[in-house]
file protein07.cif (mmCIF, C-alpha atoms, pLDDT in the B column; chains and numbers go by the auth columns)
data_target
loop_
_atom_site.group_PDB
_atom_site.id
_atom_site.type_symbol
_atom_site.label_atom_id
_atom_site.label_comp_id
_atom_site.label_asym_id
_atom_site.label_seq_id
_atom_site.Cartn_x
_atom_site.Cartn_y
_atom_site.Cartn_z
_atom_site.B_iso_or_equiv
_atom_site.auth_seq_id
_atom_site.auth_asym_id
ATOM 1 C CA MET A 1 -69.479 -73.101 -45.624 70.00 1 A
ATOM 2 C CA SER A 2 -69.271 -69.440 -46.515 77.00 2 A
ATOM 3 C CA PRO A 3 -66.023 -67.463 -46.145 74.00 3 A
ATOM 4 C CA ARG A 4 -67.672 -65.419 -43.382 81.00 4 A
ATOM 5 C CA ARG A 5 -68.466 -68.600 -41.473 86.00 5 A
ATOM 6 C CA HIS A 6 -64.880 -69.773 -41.844 84.00 6 A
ATOM 7 C CA LEU A 7 -63.605 -66.469 -40.443 85.00 7 A
ATOM 8 C CA LEU A 8 -66.013 -66.574 -37.500 88.00 8 A
ATOM 9 C CA THR A 9 -65.083 -70.170 -36.666 89.00 9 A
ATOM 10 C CA ALA A 10 -61.325 -69.532 -36.842 89.00 10 A
ATOM 11 C CA GLY A 11 -61.782 -66.264 -34.949 90.00 11 A
ATOM 12 C CA ALA A 12 -63.660 -67.991 -32.139 92.00 12 A
ATOM 13 C CA VAL A 13 -60.897 -70.610 -31.805 92.00 13 A
ATOM 14 C CA TRP A 14 -58.295 -67.828 -31.788 92.00 14 A
ATOM 15 C CA VAL A 15 -60.091 -65.911 -29.029 93.00 15 A
ATOM 16 C CA VAL A 16 -60.503 -68.987 -26.824 94.00 16 A
ATOM 17 C CA LEU A 17 -56.871 -70.072 -27.188 94.00 17 A
ATOM 18 C CA SER A 18 -55.600 -66.532 -26.680 93.00 18 A
ATOM 19 C CA VAL A 19 -57.582 -66.076 -23.472 94.00 19 A
ATOM 20 C CA LEU A 20 -56.449 -69.462 -22.135 93.00 20 A
ATOM 21 C CA GLY A 21 -52.830 -68.660 -23.003 92.00 21 A
ATOM 22 C CA ILE A 22 -52.955 -65.256 -21.313 92.00 22 A
ATOM 23 C CA VAL A 23 -54.474 -66.780 -18.167 92.00 23 A
ATOM 24 C CA VAL A 24 -51.675 -69.360 -18.023 90.00 24 A
ATOM 25 C CA VAL A 25 -48.949 -66.793 -18.655 89.00 25 A
ATOM 26 C CA ALA A 26 -50.342 -64.329 -16.102 88.00 26 A
ATOM 27 C CA GLY A 27 -49.607 -66.779 -13.313 83.00 27 A
ATOM 28 C CA LEU A 28 -46.005 -67.447 -14.286 85.00 28 A
ATOM 29 C CA GLN A 29 -42.879 -66.351 -12.480 88.00 29 A
ATOM 30 C CA ILE A 30 -40.399 -66.132 -15.323 88.00 30 A
ATOM 31 C CA ILE A 31 -37.392 -65.119 -13.214 87.00 31 A
ATOM 32 C CA PRO A 32 -36.750 -68.239 -11.078 89.00 32 A
ATOM 33 C CA VAL A 33 -35.719 -66.378 -7.913 91.00 33 A
ATOM 34 C CA ILE A 34 -36.904 -62.835 -7.185 92.00 34 A
ATOM 35 C CA ALA A 35 -35.007 -61.277 -4.305 93.00 35 A
ATOM 36 C CA SER A 36 -35.070 -57.556 -5.101 93.00 36 A
ATOM 37 C CA ARG A 37 -37.427 -54.775 -6.059 92.00 37 A
ATOM 38 C CA GLU A 38 -35.723 -54.518 -9.439 91.00 38 A
ATOM 39 C CA ALA A 39 -36.156 -58.226 -10.198 92.00 39 A
ATOM 40 C CA ALA A 40 -39.883 -57.980 -9.441 92.00 40 A
ATOM 41 C CA ILE A 41 -40.240 -55.108 -11.919 92.00 41 A
ATOM 42 C CA GLU A 42 -38.390 -57.088 -14.591 91.00 42 A
ATOM 43 C CA ASN A 43 -40.512 -60.182 -13.978 92.00 43 A
ATOM 44 C CA HIS A 44 -43.687 -58.135 -14.485 91.00 44 A
ATOM 45 C CA ALA A 45 -42.267 -56.846 -17.764 91.00 45 A
ATOM 46 C CA PHE A 46 -41.430 -60.367 -18.960 91.00 46 A
ATOM 47 C CA VAL A 47 -44.942 -61.575 -18.072 92.00 47 A
ATOM 48 C CA LEU A 48 -46.544 -58.657 -19.920 91.00 48 A
ATOM 49 C CA LEU A 49 -44.419 -59.187 -23.056 91.00 49 A
ATOM 50 C CA THR A 50 -45.232 -62.899 -23.050 91.00 50 A
ATOM 51 C CA ALA A 51 -48.959 -62.246 -22.542 92.00 51 A
ATOM 52 C CA VAL A 52 -49.018 -59.737 -25.414 91.00 52 A
ATOM 53 C CA SER A 53 -47.258 -62.223 -27.694 91.00 53 A
ATOM 54 C CA VAL A 54 -49.805 -64.997 -27.030 93.00 54 A
ATOM 55 C CA PRO A 55 -52.592 -63.566 -29.271 92.00 55 A
ATOM 56 C CA VAL A 56 -50.047 -62.910 -32.030 91.00 56 A
ATOM 57 C CA LEU A 57 -48.771 -66.481 -31.793 93.00 57 A
ATOM 58 C CA MET A 58 -52.296 -67.906 -31.751 94.00 58 A
ATOM 59 C CA LEU A 59 -53.249 -65.802 -34.789 92.00 59 A
ATOM 60 C CA VAL A 60 -50.468 -67.446 -36.795 93.00 60 A
ATOM 61 C CA VAL A 61 -50.998 -70.960 -35.424 94.00 61 A
ATOM 62 C CA VAL A 62 -54.789 -70.970 -35.754 93.00 62 A
ATOM 63 C CA GLY A 63 -54.621 -69.536 -39.264 90.00 63 A
ATOM 64 C CA LEU A 64 -52.134 -72.169 -40.427 92.00 64 A
ATOM 65 C CA VAL A 65 -53.775 -75.138 -38.713 93.00 65 A
ATOM 66 C CA TYR A 66 -57.325 -74.175 -39.689 89.00 66 A
ATOM 67 C CA ALA A 67 -56.346 -73.617 -43.320 87.00 67 A
ATOM 68 C CA ALA A 68 -54.364 -76.867 -43.440 87.00 68 A
ATOM 69 C CA LEU A 69 -57.233 -78.921 -42.000 86.00 69 A
ATOM 70 C CA ARG A 70 -60.219 -77.224 -43.607 83.00 70 A
ATOM 71 C CA PHE A 71 -58.883 -76.495 -47.087 78.00 71 A
ATOM 72 C CA ARG A 72 -56.633 -79.474 -47.743 75.00 72 A
ATOM 73 C CA ALA A 73 -56.990 -81.291 -51.055 68.00 73 A
ATOM 74 C CA PRO A 74 -59.514 -84.148 -50.590 65.00 74 A
ATOM 75 C CA ASN A 75 -59.020 -87.806 -51.398 62.00 75 A
ATOM 76 C CA GLY A 76 -55.241 -87.508 -51.395 54.00 76 A
ATOM 77 C CA THR A 77 -55.179 -85.667 -54.728 55.00 77 A
ATOM 78 C CA ALA A 78 -52.280 -83.359 -55.424 54.00 78 A
ATOM 79 C CA ASP A 79 -54.260 -80.230 -56.231 53.00 79 A
ATOM 80 C CA GLY A 80 -57.930 -81.095 -55.905 49.00 80 A
ATOM 81 C CA MET A 81 -58.685 -79.975 -59.480 54.00 81 A
ATOM 82 C CA ALA A 82 -60.425 -83.247 -60.255 51.00 82 A
ATOM 83 C CA ASP A 83 -62.997 -82.550 -57.535 55.00 83 A
ATOM 84 C CA GLY A 84 -63.833 -79.088 -58.769 57.00 84 A
ATOM 85 C CA ILE A 85 -61.716 -77.203 -56.214 62.00 85 A
ATOM 86 C CA VAL A 86 -59.985 -74.243 -57.776 67.00 86 A
ATOM 87 C CA ASP A 87 -58.177 -71.145 -56.514 70.00 87 A
ATOM 88 C CA GLY A 88 -60.386 -68.265 -55.478 68.00 88 A
ATOM 89 C CA PRO A 89 -60.281 -64.821 -57.068 74.00 89 A
ATOM 90 C CA PRO A 90 -57.129 -62.792 -56.377 76.00 90 A
ATOM 91 C CA ILE A 91 -57.319 -60.278 -53.547 74.00 91 A
ATOM 92 C CA HIS A 92 -55.379 -57.040 -53.963 76.00 92 A
ATOM 93 C CA GLY A 93 -55.964 -55.604 -50.502 75.00 93 A
ATOM 94 C CA HIS A 94 -58.519 -54.483 -47.971 77.00 94 A
ATOM 95 C CA ARG A 95 -58.202 -50.926 -46.751 85.00 95 A
ATOM 96 C CA GLY A 96 -60.121 -51.515 -43.542 86.00 96 A
ATOM 97 C CA PHE A 97 -58.105 -54.577 -42.581 81.00 97 A
ATOM 98 C CA GLN A 98 -54.815 -52.872 -43.414 87.00 98 A
ATOM 99 C CA ALA A 99 -55.740 -49.774 -41.411 91.00 99 A
ATOM 100 C CA ALA A 100 -56.813 -51.853 -38.418 90.00 100 A
ATOM 101 C CA TRP A 101 -53.614 -53.933 -38.589 86.00 101 A
ATOM 102 C CA LEU A 102 -51.413 -50.831 -38.629 92.00 102 A
ATOM 103 C CA ALA A 103 -53.401 -49.102 -35.868 94.00 103 A
ATOM 104 C CA ILE A 104 -53.313 -52.113 -33.538 90.00 104 A
ATOM 105 C CA SER A 105 -49.606 -52.694 -34.176 90.00 105 A
ATOM 106 C CA LEU A 106 -48.809 -49.034 -33.533 93.00 106 A
ATOM 107 C CA LEU A 107 -50.793 -48.996 -30.299 93.00 107 A
ATOM 108 C CA MET A 108 -49.045 -52.164 -29.102 89.00 108 A
ATOM 109 C CA VAL A 109 -45.596 -50.749 -29.841 91.00 109 A
ATOM 110 C CA LEU A 110 -46.338 -47.394 -28.195 94.00 110 A
ATOM 111 C CA GLY A 111 -47.926 -49.084 -25.183 92.00 111 A
ATOM 112 C CA LEU A 112 -44.971 -51.425 -24.670 91.00 112 A
ATOM 113 C CA PHE A 113 -42.544 -48.533 -25.114 93.00 113 A
ATOM 114 C CA ALA A 114 -44.357 -46.483 -22.466 93.00 114 A
ATOM 115 C CA TYR A 115 -44.482 -49.442 -20.074 91.00 115 A
ATOM 116 C CA GLY A 116 -40.780 -50.138 -20.620 90.00 116 A
ATOM 117 C CA ALA A 117 -39.824 -46.503 -20.079 91.00 117 A
ATOM 118 C CA VAL A 118 -41.756 -46.359 -16.803 91.00 118 A
ATOM 119 C CA GLY A 119 -40.185 -49.636 -15.666 89.00 119 A
ATOM 120 C CA LEU A 120 -36.694 -48.393 -16.516 88.00 120 A
ATOM 121 C CA VAL A 121 -37.238 -45.267 -14.444 88.00 121 A
ATOM 122 C CA GLU A 122 -38.494 -47.412 -11.547 88.00 122 A
ATOM 123 C CA ILE A 123 -35.450 -49.696 -11.756 85.00 123 A
ATOM 124 C CA ARG A 124 -33.044 -46.750 -11.767 83.00 124 A
ATOM 125 C CA GLY A 125 -34.921 -45.145 -8.901 76.00 125 A
ATOM 126 C CA ALA A 126 -33.544 -42.318 -6.843 76.00 126 A
ATOM 127 C CA GLN A 127 -29.786 -41.943 -7.176 80.00 127 A
ATOM 128 C CA ALA A 128 -29.329 -42.107 -3.408 83.00 128 A
ATOM 129 C CA ALA A 129 -28.482 -45.036 -1.178 87.00 129 A
ATOM 130 C CA ASP A 130 -28.385 -46.200 2.430 88.00 130 A
ATOM 131 C CA PHE A 131 -25.397 -48.499 1.919 92.00 131 A
ATOM 132 C CA GLU A 132 -22.465 -48.390 -0.496 93.00 132 A
ATOM 133 C CA VAL A 133 -19.995 -51.048 -1.571 94.00 133 A
ATOM 134 C CA GLN A 134 -17.042 -50.809 -3.940 94.00 134 A
ATOM 135 C CA VAL A 135 -17.025 -53.816 -6.286 95.00 135 A
ATOM 136 C CA GLU A 136 -13.639 -54.656 -7.798 95.00 136 A
ATOM 137 C CA ALA A 137 -13.259 -57.184 -10.612 94.00 137 A
ATOM 138 C CA GLU A 138 -10.125 -58.904 -11.797 94.00 138 A
ATOM 139 C CA GLN A 139 -9.295 -62.084 -13.675 92.00 139 A
ATOM 140 C CA TRP A 140 -10.957 -64.085 -12.196 90.00 140 A
ATOM 141 C CA ALA A 141 -12.375 -62.962 -8.877 94.00 141 A
ATOM 142 C CA TRP A 142 -14.602 -60.380 -7.222 95.00 142 A
ATOM 143 C CA HIS A 143 -13.549 -58.238 -4.258 95.00 143 A
ATOM 144 C CA TYR A 144 -15.674 -55.920 -2.140 95.00 144 A
ATOM 145 C CA ALA A 145 -14.628 -52.876 -0.131 94.00 145 A
ATOM 146 C CA TYR A 146 -16.909 -51.347 2.500 93.00 146 A
ATOM 147 C CA ALA A 147 -17.054 -47.862 3.936 88.00 147 A
ATOM 148 C CA ASN A 148 -15.349 -48.886 7.197 87.00 148 A
ATOM 149 C CA GLY A 149 -12.312 -50.271 5.345 87.00 149 A
ATOM 150 C CA VAL A 150 -13.302 -53.957 5.466 90.00 150 A
ATOM 151 C CA ARG A 151 -12.517 -55.993 2.346 92.00 151 A
ATOM 152 C CA SER A 152 -13.979 -59.379 1.504 92.00 152 A
ATOM 153 C CA THR A 153 -14.685 -61.819 -1.302 92.00 153 A
ATOM 154 C CA GLU A 154 -18.371 -62.045 -0.318 93.00 154 A
ATOM 155 C CA LEU A 155 -20.895 -59.289 -0.811 94.00 155 A
ATOM 156 C CA HIS A 156 -22.948 -58.573 2.325 95.00 156 A
ATOM 157 C CA VAL A 157 -25.847 -56.142 1.966 95.00 157 A
ATOM 158 C CA PRO A 158 -28.821 -55.246 4.201 95.00 158 A
ATOM 159 C CA VAL A 159 -32.364 -56.224 3.301 94.00 159 A
ATOM 160 C CA ASP A 160 -34.890 -53.503 2.425 92.00 160 A
ATOM 161 C CA ARG A 161 -32.142 -50.906 2.063 92.00 161 A
ATOM 162 C CA ARG A 162 -31.116 -49.036 -1.063 93.00 162 A
ATOM 163 C CA VAL A 163 -27.632 -50.313 -1.947 94.00 163 A
ATOM 164 C CA HIS A 164 -25.206 -48.477 -4.214 94.00 164 A
ATOM 165 C CA LEU A 165 -22.635 -50.673 -5.963 94.00 165 A
ATOM 166 C CA VAL A 166 -19.693 -48.883 -7.589 95.00 166 A
ATOM 167 C CA ILE A 167 -18.085 -51.338 -10.008 95.00 167 A
ATOM 168 C CA LYS A 168 -14.500 -51.221 -11.273 95.00 168 A
ATOM 169 C CA SER A 169 -12.220 -53.525 -13.235 94.00 169 A
ATOM 170 C CA ASP A 170 -8.475 -53.919 -12.888 91.00 170 A
ATOM 171 C CA ASP A 171 -7.861 -55.622 -16.249 91.00 171 A
ATOM 172 C CA VAL A 172 -10.515 -56.533 -18.839 94.00 172 A
ATOM 173 C CA ILE A 173 -14.255 -56.009 -19.214 95.00 173 A
ATOM 174 C CA HIS A 174 -16.305 -58.056 -16.770 96.00 174 A
ATOM 175 C CA SER A 175 -20.029 -57.986 -15.973 95.00 175 A
ATOM 176 C CA PHE A 176 -21.398 -58.125 -12.431 95.00 176 A
ATOM 177 C CA TRP A 177 -24.612 -60.161 -12.351 94.00 177 A
ATOM 178 C CA VAL A 178 -26.726 -61.496 -9.506 94.00 178 A
ATOM 179 C CA PRO A 179 -29.697 -63.226 -11.218 93.00 179 A
ATOM 180 C CA ALA A 180 -31.920 -62.993 -8.135 94.00 180 A
ATOM 181 C CA PHE A 181 -31.441 -59.204 -8.122 93.00 181 A
ATOM 182 C CA GLY A 182 -32.340 -58.849 -11.788 89.00 182 A
ATOM 183 C CA VAL A 183 -29.637 -56.263 -12.489 88.00 183 A
ATOM 184 C CA LYS A 184 -26.406 -56.584 -14.408 91.00 184 A
ATOM 185 C CA GLN A 185 -23.655 -54.043 -15.009 93.00 185 A
ATOM 186 C CA ASP A 186 -20.394 -54.139 -16.920 94.00 186 A
ATOM 187 C CA ALA A 187 -17.101 -53.514 -15.144 94.00 187 A
ATOM 188 C CA VAL A 188 -15.013 -51.442 -17.542 94.00 188 A
ATOM 189 C CA PRO A 189 -11.280 -50.785 -16.969 93.00 189 A
ATOM 190 C CA GLY A 190 -10.652 -47.118 -16.241 91.00 190 A
ATOM 191 C CA HIS A 191 -14.353 -46.266 -16.214 93.00 191 A
ATOM 192 C CA PRO A 192 -16.268 -46.950 -12.961 93.00 192 A
ATOM 193 C CA THR A 193 -19.902 -47.912 -13.395 94.00 193 A
ATOM 194 C CA GLN A 194 -22.703 -48.178 -10.872 93.00 194 A
ATOM 195 C CA ILE A 195 -26.013 -49.814 -10.088 92.00 195 A
ATOM 196 C CA TYR A 196 -28.590 -49.439 -7.346 92.00 196 A
ATOM 197 C CA VAL A 197 -30.467 -52.397 -5.917 93.00 197 A
ATOM 198 C CA THR A 198 -32.908 -52.969 -3.072 93.00 198 A
ATOM 199 C CA ALA A 199 -32.892 -56.543 -1.778 93.00 199 A
ATOM 200 C CA THR A 200 -36.295 -57.683 -0.505 94.00 200 A
ATOM 201 C CA HIS A 201 -35.499 -61.171 0.787 93.00 201 A
ATOM 202 C CA ALA A 202 -32.823 -62.317 3.204 93.00 202 A
ATOM 203 C CA GLY A 203 -30.695 -65.254 2.131 93.00 203 A
ATOM 204 C CA THR A 204 -27.626 -66.293 0.181 95.00 204 A
ATOM 205 C CA PHE A 205 -27.633 -65.830 -3.582 95.00 205 A
ATOM 206 C CA PRO A 206 -25.101 -66.692 -6.294 95.00 206 A
ATOM 207 C CA GLY A 207 -23.479 -64.095 -8.502 94.00 207 A
ATOM 208 C CA MET A 208 -21.223 -64.394 -11.500 95.00 208 A
ATOM 209 C CA CYS A 209 -19.437 -62.677 -14.338 95.00 209 A
ATOM 210 C CA ALA A 210 -21.693 -62.420 -17.388 93.00 210 A
ATOM 211 C CA GLU A 211 -19.019 -61.240 -19.833 92.00 211 A
ATOM 212 C CA LEU A 212 -16.494 -63.594 -21.394 93.00 212 A
ATOM 213 C CA CYS A 213 -13.252 -62.486 -19.768 90.00 213 A
ATOM 214 C CA GLY A 214 -10.713 -65.232 -20.405 91.00 214 A
ATOM 215 C CA LEU A 215 -9.971 -68.841 -19.588 92.00 215 A
ATOM 216 C CA GLY A 216 -11.217 -68.593 -16.002 92.00 216 A
ATOM 217 C CA HIS A 217 -14.513 -66.891 -16.873 94.00 217 A
ATOM 218 C CA THR A 218 -16.765 -69.782 -15.798 93.00 218 A
ATOM 219 C CA GLY A 219 -15.103 -69.876 -12.388 93.00 219 A
ATOM 220 C CA MET A 220 -15.549 -66.173 -11.721 95.00 220 A
ATOM 221 C CA THR A 221 -18.451 -66.580 -9.300 94.00 221 A
ATOM 222 C CA THR A 222 -19.329 -64.872 -6.056 94.00 222 A
ATOM 223 C CA THR A 223 -21.678 -65.143 -3.087 94.00 223 A
ATOM 224 C CA VAL A 224 -24.130 -62.463 -2.016 95.00 224 A
ATOM 225 C CA VAL A 225 -25.464 -62.539 1.541 95.00 225 A
ATOM 226 C CA VAL A 226 -28.564 -60.505 2.345 95.00 226 A
ATOM 227 C CA ALA A 227 -29.434 -60.006 6.016 94.00 227 A
ATOM 228 C CA ASP A 228 -30.976 -57.385 8.251 93.00 228 A
ATOM 229 C CA GLN A 229 -29.002 -54.244 8.996 93.00 229 A
ATOM 230 C CA ALA A 230 -27.979 -55.386 12.458 93.00 230 A
ATOM 231 C CA ALA A 231 -26.551 -58.640 11.123 93.00 231 A
ATOM 232 C CA VAL A 232 -24.615 -56.831 8.415 93.00 232 A
ATOM 233 C CA ASP A 233 -23.229 -54.345 10.950 92.00 233 A
ATOM 234 C CA ALA A 234 -22.199 -57.211 13.238 92.00 234 A
ATOM 235 C CA TRP A 235 -20.481 -59.001 10.358 92.00 235 A
ATOM 236 C CA LEU A 236 -18.598 -55.848 9.380 91.00 236 A
ATOM 237 C CA SER A 237 -17.455 -55.219 12.951 90.00 237 A
ATOM 238 C CA ASN A 238 -16.098 -58.772 13.222 87.00 238 A
ATOM 239 C CA GLN A 239 -14.044 -58.599 10.033 82.00 239 A
ATOM 240 C CA PRO A 240 -10.336 -57.774 10.220 81.00 240 A
ATOM 241 C CA LYS A 241 -9.506 -54.364 8.889 72.00 241 A
ATOM 242 C CA PRO A 242 -6.416 -53.839 6.747 69.00 242 A
ATOM 243 C CA SER A 243 -3.418 -52.505 8.604 63.00 243 A
ATOM 244 C CA PRO A 244 -2.599 -48.880 7.826 60.00 244 A
ATOM 245 C CA LYS A 245 0.297 -48.441 5.485 57.00 245 A
ATOM 246 C CA PRO A 246 3.458 -47.298 7.319 59.00 246 A
ATOM 247 C CA SER A 247 4.587 -43.814 6.460 58.00 247 A
ATOM 248 C CA PRO A 248 7.775 -43.794 4.361 59.00 248 A
ATOM 249 C CA LYS A 249 10.989 -43.123 6.244 61.00 249 A
ATOM 250 C CA PRO A 250 12.827 -39.966 5.218 60.00 250 A
ATOM 251 C CA SER A 251 15.947 -40.548 3.189 56.00 251 A
ATOM 252 C CA PRO A 252 19.368 -39.753 4.787 58.00 252 A
ATOM 253 C CA GLU A 253 19.869 -36.957 2.291 57.00 253 A
ATOM 254 C CA ALA A 254 16.588 -35.366 3.258 52.00 254 A
ATOM 255 C CA SER A 255 17.301 -35.663 7.000 50.00 255 A
ATOM 256 C CA GLY A 256 20.847 -34.277 6.582 52.00 256 A
ATOM 257 C CA SER A 257 19.653 -31.240 4.749 47.00 257 A
#

call {"tool": "encode", "arguments": {"input": "protein07.cif", "output": "structure tokens"}}
result
Amino acid sequence: MSPRRHLLTAGAVWVVLSVLGIVVVAGLQIIPVIASREAAIENHAFVLLTAVSVPVLMLVVVGLVYAALRFRAPNGTADGMADGIVDGPPIHGHRGFQAAWLAISLLMVLGLFAYGAVGLVEIRGAQAADFEVQVEAEQWAWHYAYANGVRSTELHVPVDRRVHLVIKSDDVIHSFWVPAFGVKQDAVPGHPTQIYVTATHAGTFPGMCAELCGLGHTGMTTTVVVADQAAVDAWLSNQPKPSPKPSPKPSPEASGS
């Protein structure tokens, strides 16, 4: 079989396997639970990256397997020299192949960069929100403060509303992460951070700290409840509000003067 025939045969196998792999990958949901607009964007990015990597993987696998099966030494000999099989002439390069390899690689990198930049802008979105919550982290618990003064250890947010989370830490670096929302943000002592998220599905979702923060790190979990706006408003109105701090009494010296 001529070298050209070998290339065509291996190329045909590569194309078939690549197409089959892309079809399989295109139907995957890589993020197990998608409950926000941001998580959906990230899942699309993961699917695209995986689909692009399939032809590259198949190129390596098909080349190795085809060469191992088709050009192995026959009859169990160590080098095949006894059967007249010798090394081919040395190849010092092929300008066309090298140019095509560089061009395709460059286009892939630029395309993925552009797609990632657009996705990042979409995830950040407009820096405006319909609902804001102060997220406070400490070893090893999460606390939430709402605009009406309510404080809780559960995060309640409305569905289909832009939510602004302002994240603070009282001690060490933590990381606020709700896998179903697809966003994660560090909580840095003395430096408030923020994220915006738009939940798209009502339900209860787990959250956790994604930054090693001490002995109790694995137990630093939280619960996120997503419901419609009316349900969130009703929950907030039923929560006890902290009592106002009493004003300090004037000292006798101050009153006497």

call {"tool": "resolve_selection", "arguments": {"input": "protein07.cif", "expression": "the PyMOL selection byres ((chain A and resi 152-159) around 6)", "output": "PyMOL selection string"}}
result
chain A and resi 143-144+151+160-161+199-200+223-229

call {"tool": "write_last_selection", "arguments": {"input": "protein07.cif", "atoms": "C-alpha atoms", "output": "mmCIF file, keeping the file's coordinate frame"}}
result
data_model
loop_
_atom_site.group_PDB
_atom_site.id
_atom_site.type_symbol
_atom_site.label_atom_id
_atom_site.label_comp_id
_atom_site.auth_asym_id
_atom_site.auth_seq_id
_atom_site.Cartn_x
_atom_site.Cartn_y
_atom_site.Cartn_z
ATOM 1 C CA HIS A 143 -13.549 -58.238 -4.258
ATOM 2 C CA TYR A 144 -15.674 -55.920 -2.140
ATOM 3 C CA ARG A 151 -12.517 -55.993 2.346
ATOM 4 C CA ASP A 160 -34.890 -53.503 2.425
ATOM 5 C CA ARG A 161 -32.142 -50.906 2.063
ATOM 6 C CA ALA A 199 -32.892 -56.543 -1.778
ATOM 7 C CA THR A 200 -36.295 -57.683 -0.505
ATOM 8 C CA THR A 223 -21.678 -65.143 -3.087
ATOM 9 C CA VAL A 224 -24.130 -62.463 -2.016
ATOM 10 C CA VAL A 225 -25.464 -62.539 1.541
ATOM 11 C CA VAL A 226 -28.564 -60.505 2.345
ATOM 12 C CA ALA A 227 -29.434 -60.006 6.016
ATOM 13 C CA ASP A 228 -30.976 -57.385 8.251
ATOM 14 C CA GLN A 229 -29.002 -54.244 8.996
#

call {"tool": "axis_aligned_box", "arguments": {"input": "protein07.cif", "around": "range 97-109 of chain A", "padding_each_side": "3 Å", "output": "JSON"}}
result
{"center_x": -51.9, "center_y": -51.8, "center_z": -36.3, "size_x": 18.5, "size_y": 11.6, "size_z": 20.3}

call {"tool": "atom_distance", "arguments": {"input": "protein07.cif", "atom1": "CA of Gly63 in chain A", "atom2": "CA of Gly11 in chain A"}}
result
9.0 Å

call {"tool": "atom_distance", "arguments": {"input": "protein07.cif", "atom1": "CA of His44 in chain A", "atom2": "CA of Ala12 in chain A"}}
result
28.4 Å

call {"tool": "atom_distance", "arguments": {"input": "protein07.cif", "atom1": "CA of Phe97 in chain A", "atom2": "CA of Ala45 in chain A"}}
result
29.5 Å

call {"tool": "resolve_selection", "arguments": {"input": "protein07.cif", "expression": "the PyMOL selection byres ((chain A and resi 219) around 12)", "output": "PyMOL selection string"}}
result
chain A and resi 139-142+207-210+212-218+220-222

call {"tool": "write_last_selection", "arguments": {"input": "protein07.cif", "atoms": "C-alpha atoms", "output": "short mmCIF file (atom, residue, chain, number, x, y, z; two decimals), keeping the file's coordinate frame"}}
result
data_model
loop_
_atom_site.label_atom_id
_atom_site.label_comp_id
_atom_site.auth_asym_id
_atom_site.auth_seq_id
_atom_site.Cartn_x
_atom_site.Cartn_y
_atom_site.Cartn_z
CA GLN A 139 -9.30 -62.08 -13.68
CA TRP A 140 -10.96 -64.08 -12.20
CA ALA A 141 -12.38 -62.96 -8.88
CA TRP A 142 -14.60 -60.38 -7.22
CA GLY A 207 -23.48 -64.10 -8.50
CA MET A 208 -21.22 -64.39 -11.50
CA CYS A 209 -19.44 -62.68 -14.34
CA ALA A 210 -21.69 -62.42 -17.39
CA LEU A 212 -16.49 -63.59 -21.39
CA CYS A 213 -13.25 -62.49 -19.77
CA GLY A 214 -10.71 -65.23 -20.40
CA LEU A 215 -9.97 -68.84 -19.59
CA GLY A 216 -11.22 -68.59 -16.00
CA HIS A 217 -14.51 -66.89 -16.87
CA THR A 218 -16.76 -69.78 -15.80
CA MET A 220 -15.55 -66.17 -11.72
CA THR A 221 -18.45 -66.58 -9.30
CA THR A 222 -19.33 -64.87 -6.06
#
